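Trainee: Input query37.csv, format and content: CSV, C-alpha atoms and all ligand atoms.
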chain,number,residue,atom,x,y,z
A,644,MET,CA,17.3,-19.1,2.4
A,645,THR,CA,18.8,-16.7,-0.2
A,646,VAL,CA,17.9,-16.4,-3.9
A,647,GLN,CA,20.1,-15.2,-6.7
A,648,VAL,CA,18.1,-12.5,-8.5
A,649,ARG,CA,20.7,-12.4,-11.3
A,650,GLU,CA,24.4,-12.8,-11.4
A,651,GLY,CA,26.0,-11.1,-8.4
A,652,ILE,CA,22.7,-9.9,-7.0
A,653,TYR,CA,21.0,-11.8,-4.2
A,654,TRP,CA,17.8,-11.6,-2.2
A,655,VAL,CA,18.7,-11.9,1.5
A,656,GLY,CA,15.5,-10.8,3.1
A,657,VAL,CA,13.1,-12.6,5.4
A,658,ILE,CA,9.5,-13.9,5.0
A,659,ASP,CA,7.1,-12.9,7.7
A,660,TRP,CA,4.3,-15.5,7.3
A,661,SER,CA,2.4,-14.4,10.5
A,662,LEU,CA,2.0,-10.7,10.1
A,663,ARG,CA,-1.7,-9.8,10.0
A,664,GLU,CA,-1.7,-6.2,11.0
A,665,PHE,CA,0.4,-3.3,9.6
A,666,HIS,CA,-0.8,-0.1,11.2
A,667,GLY,CA,-4.4,-0.5,10.3
A,668,TYR,CA,-3.9,-2.7,7.2
A,669,LEU,CA,-5.0,-6.3,7.3
A,670,THR,CA,-2.0,-8.2,5.9
A,671,ASP,CA,-4.0,-11.3,5.2
A,672,LYS,CA,-1.1,-13.1,3.4
A,673,GLY,CA,1.7,-11.9,5.7
A,674,THR,CA,4.6,-10.0,4.1
A,675,THR,CA,8.3,-10.1,3.3
A,676,TYR,CA,11.1,-7.7,4.2
A,677,ASN,CA,13.4,-7.7,1.2
A,678,SER,CA,17.0,-6.9,1.3
A,679,TYR,CA,19.4,-7.2,-1.6
A,680,LEU,CA,23.1,-7.9,-1.6
A,681,VAL,CA,25.2,-7.0,-4.6
A,682,LEU,CA,28.7,-8.4,-5.0
A,683,ASP,CA,31.1,-6.2,-7.0
A,684,GLU,CA,34.4,-4.6,-6.2
A,685,LYS,CA,32.4,-3.0,-3.5
A,686,VAL,CA,29.9,-5.2,-1.6
A,687,VAL,CA,26.6,-3.4,-1.3
A,688,LEU,CA,23.6,-4.2,0.9
A,689,PHE,CA,20.3,-2.5,0.0
A,690,ASP,CA,18.0,-2.0,3.0
A,691,THR,CA,17.6,-4.4,6.0
A,692,VAL,CA,14.7,-6.1,7.8
A,693,LYS,CA,12.5,-5.7,10.9
A,694,SER,CA,14.7,-5.9,14.0
A,695,GLU,CA,13.3,-9.2,15.4
A,696,TYR,CA,14.3,-10.9,12.2
A,697,PHE,CA,18.0,-9.9,12.5
A,698,PRO,CA,19.2,-13.5,13.3
A,699,ILE,CA,17.6,-15.0,10.1
A,700,PHE,CA,18.8,-12.0,8.1
A,701,VAL,CA,22.4,-12.4,9.2
A,702,GLU,CA,22.3,-16.1,8.5
A,703,ASN,CA,21.1,-15.3,5.0
A,704,ILE,CA,23.9,-12.9,4.4
A,705,LYS,CA,26.4,-15.5,5.7
A,706,GLU,CA,25.2,-18.0,3.0
A,707,ILE,CA,26.7,-15.6,0.5
A,708,ILE,CA,29.6,-13.8,2.2
A,709,ASP,CA,31.0,-12.9,5.6
A,710,PRO,CA,28.9,-9.9,6.7
A,711,ARG,CA,32.1,-8.0,7.6
A,712,GLU,CA,32.8,-7.8,3.9
A,713,ILE,CA,29.9,-5.4,3.3
A,714,ASP,CA,31.4,-2.1,2.2
A,715,LEU,CA,28.3,0.0,1.7
A,716,ILE,CA,24.8,-0.1,3.1
A,717,VAL,CA,22.2,1.8,1.1
A,718,ILE,CA,19.1,2.8,3.1
A,719,ASN,CA,16.4,3.6,0.5
A,720,HIS,CA,13.7,4.0,3.2
A,721,VAL,CA,14.0,4.4,7.0
A,722,GLU,CA,10.7,3.0,8.1
A,723,MET,CA,11.5,0.4,10.7
A,724,ASP,CA,10.4,-2.6,8.7
A,725,HIS,CA,13.5,-1.9,6.6
A,726,SER,CA,15.9,-0.2,9.0
A,727,GLY,CA,15.0,-2.0,12.3
A,728,ALA,CA,17.9,-4.5,12.0
A,729,LEU,CA,20.5,-1.8,11.2
A,730,PRO,CA,21.7,-1.1,14.7
A,731,LYS,CA,22.4,-4.8,15.3
A,732,LEU,CA,24.0,-5.1,11.9
A,733,MET,CA,26.2,-2.2,12.6
A,734,GLU,CA,27.6,-4.1,15.5
A,735,ILE,CA,29.2,-6.6,13.2
A,736,VAL,CA,29.5,-4.8,9.9
A,737,LYS,CA,31.7,-1.7,9.7
A,738,PRO,CA,30.7,-0.3,6.4
A,739,GLU,CA,32.7,2.5,4.8
A,740,LYS,CA,29.4,4.3,4.2
A,741,ILE,CA,25.7,4.3,5.0
A,742,ILE,CA,24.2,5.8,1.8
A,743,CYS,CA,20.9,7.6,2.1
A,744,SER,CA,18.9,10.6,1.0
A,745,PRO,CA,19.2,13.9,3.0
A,746,LYS,CA,16.0,13.2,4.8
A,747,GLY,CA,17.2,9.6,5.2
A,748,LYS,CA,20.1,10.8,7.3
A,749,GLU,CA,17.9,13.0,9.5
A,750,HIS,CA,15.4,10.1,10.0
A,751,LEU,CA,18.1,7.6,10.8
A,752,ILE,CA,19.5,9.9,13.5
A,753,LYS,CA,16.0,10.5,14.9
A,754,HIS,CA,15.4,6.7,15.0
A,755,PHE,CA,18.7,5.4,16.3
A,756,HIS,CA,20.4,8.4,17.7
A,757,ARG,CA,23.8,7.5,16.2
A,758,GLU,CA,25.4,10.7,14.8
A,759,ASP,CA,28.7,8.8,14.6
A,760,TRP,CA,27.7,6.4,11.8
A,761,PRO,CA,29.4,7.0,8.4
A,762,TYR,CA,26.5,8.6,6.6
A,763,GLU,CA,26.9,9.6,2.9
A,764,VAL,CA,24.1,11.7,1.7
A,765,VAL,CA,23.0,11.3,-2.0
A,766,LYS,CA,20.6,13.3,-4.1
A,767,SER,CA,18.6,12.6,-7.2
A,768,GLY,CA,20.9,12.0,-10.2
A,769,ASP,CA,24.0,11.1,-8.0
A,770,GLN,CA,25.9,8.1,-9.3
A,771,LEU,CA,28.3,5.8,-7.6
A,772,SER,CA,30.6,3.3,-9.2
A,773,ILE,CA,31.0,0.0,-7.3
A,774,GLY,CA,33.2,-1.8,-9.8
A,775,LYS,CA,31.6,-3.0,-13.0
A,776,ARG,CA,28.3,-1.6,-11.9
A,777,THR,CA,27.0,1.9,-11.3
A,778,ILE,CA,24.3,2.8,-8.8
A,779,LYS,CA,22.1,5.8,-9.7
A,780,PHE,CA,19.9,7.4,-7.0
A,781,LEU,CA,16.5,8.9,-7.4
A,782,GLU,CA,14.8,10.6,-4.5
A,783,THR,CA,11.1,9.8,-4.3
A,784,ARG,CA,10.1,12.1,-1.5
A,785,MET,CA,6.7,11.3,0.0
A,786,LEU,CA,6.6,7.9,-1.8
A,787,HIS,CA,5.8,7.2,0.8
A,788,TRP,CA,8.1,8.9,3.4
A,789,PRO,CA,10.1,12.1,3.0
A,790,ASP,CA,13.3,10.1,3.0
A,791,SER,CA,12.3,7.5,0.3
A,792,MET,CA,14.5,7.0,-2.7
A,793,PHE,CA,15.0,4.5,-5.5
A,794,SER,CA,18.4,3.0,-6.4
A,795,LEU,CA,19.0,1.9,-10.0
A,796,LEU,CA,21.6,-0.7,-10.9
A,797,VAL,CA,22.3,0.9,-14.2
A,798,GLU,CA,24.0,-1.8,-16.2
A,799,ASP,CA,21.7,-4.5,-14.9
A,800,ARG,CA,18.6,-2.4,-15.5
A,801,VAL,CA,17.4,-3.3,-12.0
A,802,LEU,CA,15.3,-0.9,-10.0
A,803,VAL,CA,15.5,-1.2,-6.2
A,804,SER,CA,12.2,0.4,-5.5
A,805,GLN,CA,11.8,0.2,-1.7
A,806,ASP,CA,8.1,0.2,-0.8
A,807,ALA,CA,6.9,1.2,-4.3
A,808,PHE,CA,5.6,-1.7,-6.4
A,809,GLY,CA,5.6,-3.9,-3.3
A,810,GLN,CA,3.0,-6.3,-1.9
A,811,HIS,CA,2.3,-7.6,1.5
A,812,TYR,CA,2.5,-11.2,0.3
A,813,ALA,CA,4.4,-14.0,2.0
A,814,THR,CA,5.2,-16.7,-0.4
A,815,SER,CA,8.0,-19.2,-1.1
A,816,GLY,CA,8.1,-17.8,-4.6
A,817,ARG,CA,10.4,-14.8,-5.0
A,818,PHE,CA,9.4,-13.8,-8.5
A,819,ASP,CA,6.2,-12.8,-10.1
A,820,ASP,CA,6.3,-15.8,-12.4
A,821,GLU,CA,6.4,-18.2,-9.5
A,822,VAL,CA,3.2,-17.2,-7.8
A,823,ASP,CA,-0.5,-17.0,-8.5
A,824,GLU,CA,-0.9,-14.0,-10.8
A,825,ALA,CA,-4.4,-13.0,-9.6
A,826,GLU,CA,-3.4,-13.1,-6.0
A,827,LEU,CA,-0.2,-11.1,-6.7
A,828,MET,CA,-2.2,-8.4,-8.5
A,829,ARG,CA,-4.8,-8.4,-5.7
A,830,GLN,CA,-2.0,-7.8,-3.1
A,831,ALA,CA,-0.3,-5.2,-5.2
A,832,LYS,CA,-3.6,-3.3,-5.6
A,833,LYS,CA,-4.4,-3.6,-1.9
A,834,TYR,CA,-0.9,-2.3,-1.1
A,835,TYR,CA,-1.4,0.7,-3.5
A,836,ALA,CA,-4.8,1.5,-2.1
A,837,ASN,CA,-3.8,1.4,1.5
A,838,ILE,CA,-0.3,2.9,1.4
A,839,LEU,CA,0.2,4.9,-1.8
A,840,LEU,CA,-3.2,6.3,-2.6
A,841,PRO,CA,-2.7,9.7,-0.8
A,842,TYR,CA,0.4,10.3,-2.9
A,843,SER,CA,-1.1,9.4,-6.3
A,844,GLY,CA,-0.2,12.8,-7.9
A,845,LEU,CA,3.4,12.2,-7.1
A,846,VAL,CA,3.2,8.6,-8.4
A,847,SER,CA,1.8,9.8,-11.7
A,848,LYS,CA,4.5,12.5,-12.0
A,849,LEU,CA,7.3,10.0,-11.1
A,850,ILE,CA,6.2,7.5,-13.8
A,851,GLU,CA,6.0,10.3,-16.3
A,852,ASP,CA,9.5,11.5,-15.5
A,853,VAL,CA,10.9,8.0,-15.7
A,854,GLU,CA,9.2,7.5,-19.1
A,855,LYS,CA,10.4,10.9,-20.3
A,856,VAL,CA,14.1,9.9,-19.8
A,857,GLY,CA,13.3,6.5,-21.4
A,858,LEU,CA,14.2,4.4,-18.5
A,859,GLU,CA,13.3,0.7,-18.8
A,860,PHE,CA,13.8,-2.0,-16.3
A,861,ASP,CA,14.6,-5.7,-16.6
A,862,LEU,CA,13.7,-6.3,-13.0
A,863,ILE,CA,11.9,-4.2,-10.3
A,864,VAL,CA,13.0,-5.4,-6.9
A,865,PRO,CA,10.8,-4.0,-4.2
A,866,ASP,CA,11.2,-4.1,-0.4
A,867,HIS,CA,8.0,-6.2,0.1
A,868,GLY,CA,6.7,-9.3,-1.7
A,869,VAL,CA,7.9,-10.7,-5.0
A,870,ILE,CA,10.2,-9.4,-7.6
A,871,TRP,CA,8.8,-8.2,-11.0
A,872,ARG,CA,10.7,-10.2,-13.5
A,873,LYS,CA,8.3,-11.6,-16.1
A,874,ASP,CA,6.8,-8.2,-17.0
A,875,PRO,CA,7.9,-5.2,-14.9
A,876,ASN,CA,5.8,-3.1,-17.2
A,877,LYS,CA,2.7,-4.8,-15.8
A,878,ILE,CA,3.0,-3.2,-12.4
A,879,ILE,CA,4.1,0.2,-13.9
A,880,GLU,CA,1.0,0.2,-16.1
A,881,SER,CA,-1.2,-0.7,-13.1
A,882,TYR,CA,0.4,2.1,-11.0
A,883,LYS,CA,-0.4,4.5,-13.9
A,884,LYS,CA,-4.1,3.5,-13.8
A,885,TRP,CA,-4.3,3.5,-10.0
A,886,SER,CA,-2.5,6.8,-9.6
A,887,ALA,CA,-4.8,8.4,-12.2
A,888,GLN,CA,-7.7,7.0,-10.0
A,889,GLU,CA,-9.4,5.7,-13.1
A,890,LYS,CA,-12.9,4.5,-12.1
A,891,GLU,CA,-15.1,1.7,-13.2
A,892,GLU,CA,-18.9,1.6,-13.2
A,893,LYS,CA,-19.0,0.1,-9.8
A,894,VAL,CA,-20.5,1.1,-6.5
A,895,VAL,CA,-19.3,0.0,-3.0
A,896,ILE,CA,-22.0,-0.1,-0.4
A,897,VAL,CA,-20.3,-0.1,2.9
A,898,TYR,CA,-22.3,-0.2,6.1
A,899,ASP,CA,-22.9,-1.5,9.6
A,900,THR,CA,-26.3,-2.3,11.1
A,901,MET,CA,-27.7,-2.7,14.6
A,902,TRP,CA,-30.9,-4.7,13.9
A,903,HIS,CA,-30.6,-5.4,10.2
A,904,SER,CA,-32.7,-2.4,9.1
A,905,THR,CA,-29.8,-0.5,7.6
A,906,GLU,CA,-28.8,-3.8,6.0
A,907,LEU,CA,-32.2,-4.2,4.5
A,908,LEU,CA,-31.8,-0.7,3.0
A,909,ALA,CA,-28.5,-1.8,1.6
A,910,GLN,CA,-30.2,-4.8,-0.1
A,911,GLY,CA,-33.0,-2.5,-1.5
A,912,ILE,CA,-30.4,-0.1,-2.9
A,913,SER,CA,-28.5,-2.9,-4.5
A,914,LYS,CA,-31.7,-3.9,-6.4
A,915,GLY,CA,-31.9,-0.4,-7.8
A,916,LEU,CA,-28.3,-0.7,-8.9
A,917,GLU,CA,-29.1,-4.1,-10.6
A,918,ASP,CA,-32.0,-2.4,-12.4
A,919,GLU,CA,-29.5,0.0,-13.9
A,920,GLY,CA,-27.0,-2.7,-14.7
A,921,VAL,CA,-24.3,-1.3,-12.4
A,922,ASN,CA,-21.8,-3.5,-10.7
A,923,TYR,CA,-21.7,-3.3,-6.9
A,924,LEU,CA,-20.5,-4.9,-3.7
A,925,LEU,CA,-22.1,-5.0,-0.3
A,926,MET,CA,-19.5,-4.7,2.5
A,927,ASN,CA,-20.6,-5.0,6.1
A,928,LEU,CA,-17.9,-3.5,8.2
A,929,ARG,CA,-18.3,-6.2,10.9
A,930,PHE,CA,-17.1,-8.8,8.4
A,931,ASN,CA,-15.0,-6.7,6.0
A,932,HIS,CA,-11.8,-5.1,7.1
A,933,ARG,CA,-11.3,-1.4,6.3
A,934,SER,CA,-8.3,-2.2,4.2
A,935,GLU,CA,-10.3,-4.6,2.0
A,936,VAL,CA,-13.0,-2.0,1.6
A,937,ILE,CA,-10.5,0.6,0.5
A,938,THR,CA,-9.1,-1.8,-2.1
A,939,GLU,CA,-12.5,-2.2,-3.6
A,940,ILE,CA,-13.1,1.6,-3.5
A,941,LEU,CA,-9.8,2.3,-5.5
A,942,GLU,CA,-11.5,1.6,-8.8
A,943,ALA,CA,-15.2,2.3,-7.8
A,944,LYS,CA,-17.0,5.4,-9.1
A,945,ALA,CA,-19.2,5.7,-6.0
A,946,ILE,CA,-19.5,4.7,-2.3
A,947,LEU,CA,-22.7,4.5,-0.4
A,948,VAL,CA,-22.1,4.6,3.3
A,949,GLY,CA,-24.7,3.4,5.7
A,950,SER,CA,-25.1,3.4,9.5
A,951,SER,CA,-27.7,3.1,12.1
A,952,THR,CA,-27.9,6.0,14.5
A,953,ILE,CA,-26.5,5.2,17.9
A,954,ASN,CA,-26.2,7.8,20.7
A,955,ASN,CA,-26.9,10.6,18.2
A,956,TYR,CA,-24.0,9.5,16.1
A,957,ILE,CA,-22.8,6.6,13.9
A,958,LEU,CA,-21.7,3.1,14.7
A,959,PRO,CA,-18.0,2.8,15.7
A,960,THR,CA,-17.1,0.6,12.8
A,961,VAL,CA,-18.4,3.3,10.4
A,962,SER,CA,-16.6,6.0,12.2
A,963,ASP,CA,-13.3,4.0,12.0
A,964,PHE,CA,-13.8,3.4,8.3
A,965,LEU,CA,-14.5,7.1,7.5
A,966,ALA,CA,-11.4,8.2,9.4
A,967,TYR,CA,-9.3,5.7,7.5
A,968,LEU,CA,-10.8,6.7,4.2
A,969,LYS,CA,-10.3,10.4,4.9
A,970,GLY,CA,-6.6,9.9,5.6
A,971,LEU,CA,-6.2,8.1,2.2
A,972,LYS,CA,-7.6,11.1,0.4
A,973,PRO,CA,-9.4,9.4,-2.5
A,974,LYS,CA,-10.1,11.6,-5.5
A,975,GLY,CA,-13.0,11.7,-7.9
A,976,LEU,CA,-15.5,9.7,-5.8
A,977,LYS,CA,-19.2,10.1,-5.9
A,978,GLY,CA,-21.3,9.1,-2.9
A,979,ALA,CA,-24.3,9.2,-0.6
A,980,ALA,CA,-25.4,8.1,2.8
A,981,PHE,CA,-28.2,6.0,4.2
A,982,GLY,CA,-29.4,4.5,7.4
A,983,SER,CA,-32.2,3.5,9.7
A,984,TYR,CA,-32.8,5.2,13.0
A,985,GLY,CA,-34.9,4.9,16.1
A,986,TRP,CA,-35.7,8.4,17.5
A,987,SER,CA,-33.1,11.1,16.6
A,988,GLY,CA,-31.6,9.9,13.3
A,989,GLU,CA,-28.3,11.9,13.0
A,990,ALA,CA,-26.3,9.2,11.2
A,991,VAL,CA,-27.0,10.2,7.6
A,992,LYS,CA,-26.1,13.8,8.3
A,993,VAL,CA,-22.9,12.8,10.1
A,994,ILE,CA,-21.8,10.6,7.2
A,995,GLU,CA,-22.7,13.3,4.6
A,996,LYS,CA,-20.6,15.8,6.5
A,997,GLU,CA,-17.6,13.4,6.7
A,998,LEU,CA,-17.9,12.5,3.0
A,999,GLU,CA,-18.1,16.2,2.0
A,1000,ALA,CA,-15.1,17.0,4.1
A,1001,MET,CA,-13.0,14.5,2.2
A,1002,GLY,CA,-14.2,15.8,-1.2
A,1003,VAL,CA,-16.7,13.1,-2.1
A,1004,ASN,CA,-19.3,14.5,-4.5
A,1005,LEU,CA,-22.7,13.8,-2.9
A,1006,ILE,CA,-25.0,12.7,-5.7
A,1007,SER,CA,-28.2,12.2,-3.8
A,1008,GLU,CA,-29.9,13.3,-0.6
A,1009,GLY,CA,-29.4,10.7,2.0
A,1010,LEU,CA,-31.9,7.9,2.6
A,1011,LYS,CA,-33.3,7.8,6.1
A,1012,VAL,CA,-35.8,5.3,7.4
A,1013,ASN,CA,-37.4,5.2,10.9
A,1014,PHE,CA,-36.9,1.7,12.5
A,1015,VAL,CA,-37.7,-1.2,10.2
A,1016,PRO,CA,-38.3,-0.3,6.5
A,1017,SER,CA,-41.8,-0.9,5.3
A,1018,GLU,CA,-42.6,-2.2,1.8
A,1019,GLU,CA,-43.0,1.4,0.6
A,1020,GLU,CA,-39.7,2.4,2.2
A,1021,MET,CA,-38.0,-0.6,0.5
A,1022,LYS,CA,-39.3,0.8,-2.8
A,1023,ARG,CA,-37.7,4.1,-1.9
A,1024,ALA,CA,-34.4,2.3,-1.3
A,1025,ARG,CA,-34.7,0.8,-4.7
A,1026,GLU,CA,-35.4,4.2,-6.3
A,1027,PHE,CA,-32.4,5.6,-4.4
A,1028,GLY,CA,-30.3,2.8,-5.9
A,1029,ARG,CA,-31.6,3.5,-9.4
A,1030,ARG,CA,-30.7,7.2,-8.9
A,1031,ILE,CA,-27.2,6.3,-7.8
A,1032,GLY,CA,-26.9,3.9,-10.7
A,1033,LYS,CA,-27.9,6.6,-13.3
A,1034,ALA,CA,-25.4,9.0,-11.7
A,1035,VAL,CA,-22.6,6.5,-11.9
A,1036,LYS,CA,-23.4,5.8,-15.6
A,1037,SER,CA,-23.5,9.5,-16.5
B,1101,LIG,FE1,7.7,-1.1,4.2
B,1101,LIG,FE2,7.2,2.2,4.5
B,1101,LIG,O1,7.9,0.6,5.0
Go ahead and render the structure in this file as structure tokens.
Ligand code: FEO
Mentor:
Amino acid sequence: MTVQVREGIYWVGVIDWSLREFHGYLTDKGTTYNSYLVLDEKVVLFDTVKSEYFPIFVENIKEIIDPREIDLIVINHVEMDHSGALPKLMEIVKPEKIICSPKGKEHLIKHFHREDWPYEVVKSGDQLSIGKRTIKFLETRMLHWPDSMFSLLVEDRVLVSQDAFGQHYATSGRFDDEVDEAELMRQAKKYYANILLPYSGLVSKLIEDVEKVGLEFDLIVPDHGVIWRKDPNKIIESYKKWSAQEKEEKVVIVYDTMWHSTELLAQGISKGLEDEGVNYLLMNLRFNHRSEVITEILEAKAILVGSSTINNYILPTVSDFLAYLKGLKPKGLKGAAFGSYGWSGEAVKVIEKELEAMGVNLISEGLKVNFVPSEEEMKRAREFGRRIGKAVKS
């Protein structure tokens, strides 16, 4: 099914209702691969879809035009969820040009090994007239790949933003005003936390630059999820806040536990946070996916990471989580470690070392308890929680 985004501009993407894993990210609501077709004197296609969805994609294009009428294909981003269908499409479409950034050309050749395709490289500020419309290109290197770029349909004030402002959110609604707003913002935030967080400095700078030149958009059409139509500024304002890594008085207690002793400590710590009136969440890594935990951490002032000691190290779930968190390079986080142990008790030190290596400011010595916490040790856990609560409020 296709959807008219506005006169002469169509969504011709596909909905992937079943996707649940996107290199480490739990896509609990599936996703969409968006592609947009613009009919003007030149017919322009923006991005494609995952290769296995090629048949549906082509059927969608055929609802609007004969695919052979496509004159130009713009590849805003080479990652295969958007370029995967390109080789099959090129068997039936003979476009005058495939338009991409300098890195886009390099990446397309590295992916599909076709030096003979009609690449046209564009740089930031380049413009192209396609009839009554102008397309303006803006390279957005490392947002989130070196090749990434935005395309602006100038007269329509439509920003084709590739992954930026997207959400992994499969829904029959194509626009922000057709879906549940709370779920939409949850998915947009999750997307930011798990994909764009490491590039937050670049996101802030990009938004500043866009505001400096006074650009405003009627529509933001991303490559995943729904189109921002009702209030495109809402997602821009959210990106400003997330990229500034603005924090709330909130602590995420993330842990795994062998025989519930580390979990008991987490409960004791949470009482201390309650004493201080600080908002918190307990997230056991056996039941909370790493991508959900990161989403909660995005706006939290502190994380407390707990693990039992096993084989002189930490539990595998905690190790996995710390590796994922480290790669996402969170900024401005406070933290501390805790855990129960049987005989050697290395877990707290291991966690502290990992947190320090990723720039987390340790605000307390770790909390270590031998085997099952006693009443006295549960009081220590509560004290530990109070200490963290005070540090978070300061
Ligand atoms: Fe949706 Fe970076 O690909």
Trainee: Could you give me, as a short mmCIF file (atom, residue, chain, number, x, y, z; two decimals) with C-alpha atoms, in the coordinates of the input, the residues that sit within 12 Å of (31.9, -16.0, -1.1) in the file's coordinates, counting all atoms listed in the file?
Mentor:
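Contents of point_2.cif, as written:
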data_model
loop_
_atom_site.label_atom_id
_atom_site.label_comp_id
_atom_site.auth_asym_id
_atom_site.auth_seq_id
_atom_site.Cartn_x
_atom_site.Cartn_y
_atom_site.Cartn_z
CA GLY A 651 26.00 -11.10 -8.40
CA LEU A 680 23.10 -7.90 -1.60
CA VAL A 681 25.20 -7.00 -4.60
CA LEU A 682 28.70 -8.40 -5.00
CA ASP A 683 31.10 -6.20 -7.00
CA VAL A 686 29.90 -5.20 -1.60
CA ILE A 704 23.90 -12.90 4.40
CA LYS A 705 26.40 -15.50 5.70
CA GLU A 706 25.20 -18.00 3.00
CA ILE A 707 26.70 -15.60 0.50
CA ILE A 708 29.60 -13.80 2.20
CA ASP A 709 31.00 -12.90 5.60
CA PRO A 710 28.90 -9.90 6.70
CA ARG A 711 32.10 -8.00 7.60
CA GLU A 712 32.80 -7.80 3.90
CA ILE A 713 29.90 -5.40 3.30
#
Trainee: Using all atoms listed in the file, which residues sit within 8 Å of range 900-912 of chain A once same-chain residues fewer than 2 positions away are excluded, as a ChimeraX atom specification?
Mentor: /A:896,898,914-916,925,949-951,958,981-983,1014-1016,1021-1022,1024-1029
Trainee: Grab me every residue within 6 Å of ligand LIG 1101 (chain B), counting all atoms listed in the file, and send it over as a ChimeraX atom specification.
Mentor: /A:722,724,806
Trainee: For CA of Phe689 in chain A and CA of Glu702 in chain A, quote the distance in Å rounded to one decimal.
Mentor: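 Separating CA of Phe689 in chain A from CA of Glu702 in chain A is a distance of 16.2 Å.
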Trainee: Show which residues sit within 9 Å of range 889-895 of chain A, as a list of chain:residue names. Count only C-alpha atoms, and ignore same-chain residues fewer than 5 positions away.
Mentor: A:Lys884, A:Leu916, A:Val921, A:Asn922, A:Tyr923, A:Leu924, A:Leu925, A:Met926, A:Val936, A:Glu939, A:Ile940, A:Leu941, A:Glu942, A:Ala943, A:Lys944, A:Ala945, A:Ile946, A:Leu947, A:Val948, A:Gly975, A:Leu976, A:Gly978, A:Ile1031, A:Gly1032, A:Val1035, A:Lys1036
Trainee: Write a file of the just-selected residues containing C-alpha atoms, as a PDB file, in the frame of the given file.
Mentor:
ATOM      1  CA  LYS A 884      -4.100   3.500 -13.800  1.00  0.00           C
ATOM      2  CA  LEU A 916     -28.300  -0.700  -8.900  1.00  0.00           C
ATOM      3  CA  VAL A 921     -24.300  -1.300 -12.400  1.00  0.00           C
ATOM      4  CA  ASN A 922     -21.800  -3.500 -10.700  1.00  0.00           C
ATOM      5  CA  TYR A 923     -21.700  -3.300  -6.900  1.00  0.00           C
ATOM      6  CA  LEU A 924     -20.500  -4.900  -3.700  1.00  0.00           C
ATOM      7  CA  LEU A 925     -22.100  -5.000  -0.300  1.00  0.00           C
ATOM      8  CA  MET A 926     -19.500  -4.700   2.500  1.00  0.00           C
ATOM      9  CA  VAL A 936     -13.000  -2.000   1.600  1.00  0.00           C
ATOM     10  CA  GLU A 939     -12.500  -2.200  -3.600  1.00  0.00           C
ATOM     11  CA  ILE A 940     -13.100   1.600  -3.500  1.00  0.00           C
ATOM     12  CA  LEU A 941      -9.800   2.300  -5.500  1.00  0.00           C
ATOM     13  CA  GLU A 942     -11.500   1.600  -8.800  1.00  0.00           C
ATOM     14  CA  ALA A 943     -15.200   2.300  -7.800  1.00  0.00           C
ATOM     15  CA  LYS A 944     -17.000   5.400  -9.100  1.00  0.00           C
ATOM     16  CA  ALA A 945     -19.200   5.700  -6.000  1.00  0.00           C
ATOM     17  CA  ILE A 946     -19.500   4.700  -2.300  1.00  0.00           C
ATOM     18  CA  LEU A 947     -22.700   4.500  -0.400  1.00  0.00           C
ATOM     19  CA  VAL A 948     -22.100   4.600   3.300  1.00  0.00           C
ATOM     20  CA  GLY A 975     -13.000  11.700  -7.900  1.00  0.00           C
ATOM     21  CA  LEU A 976     -15.500   9.700  -5.800  1.00  0.00           C
ATOM     22  CA  GLY A 978     -21.300   9.100  -2.900  1.00  0.00           C
ATOM     23  CA  ILE A1031     -27.200   6.300  -7.800  1.00  0.00           C
ATOM     24  CA  GLY A1032     -26.900   3.900 -10.700  1.00  0.00           C
ATOM     25  CA  VAL A1035     -22.600   6.500 -11.900  1.00  0.00           C
ATOM     26  CA  LYS A1036     -23.400   5.800 -15.600  1.00  0.00           C
TER      27      LYS A1036
END
Trainee: Using only C-alpha atoms, can you tell me which of A:Leu827, A:Val692, A:Leu928, A:Ala887 comes closest to Ala813 in chain A?
Mentor: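 Closest to Ala813 in chain A, using only C-alpha atoms: A:Leu827.
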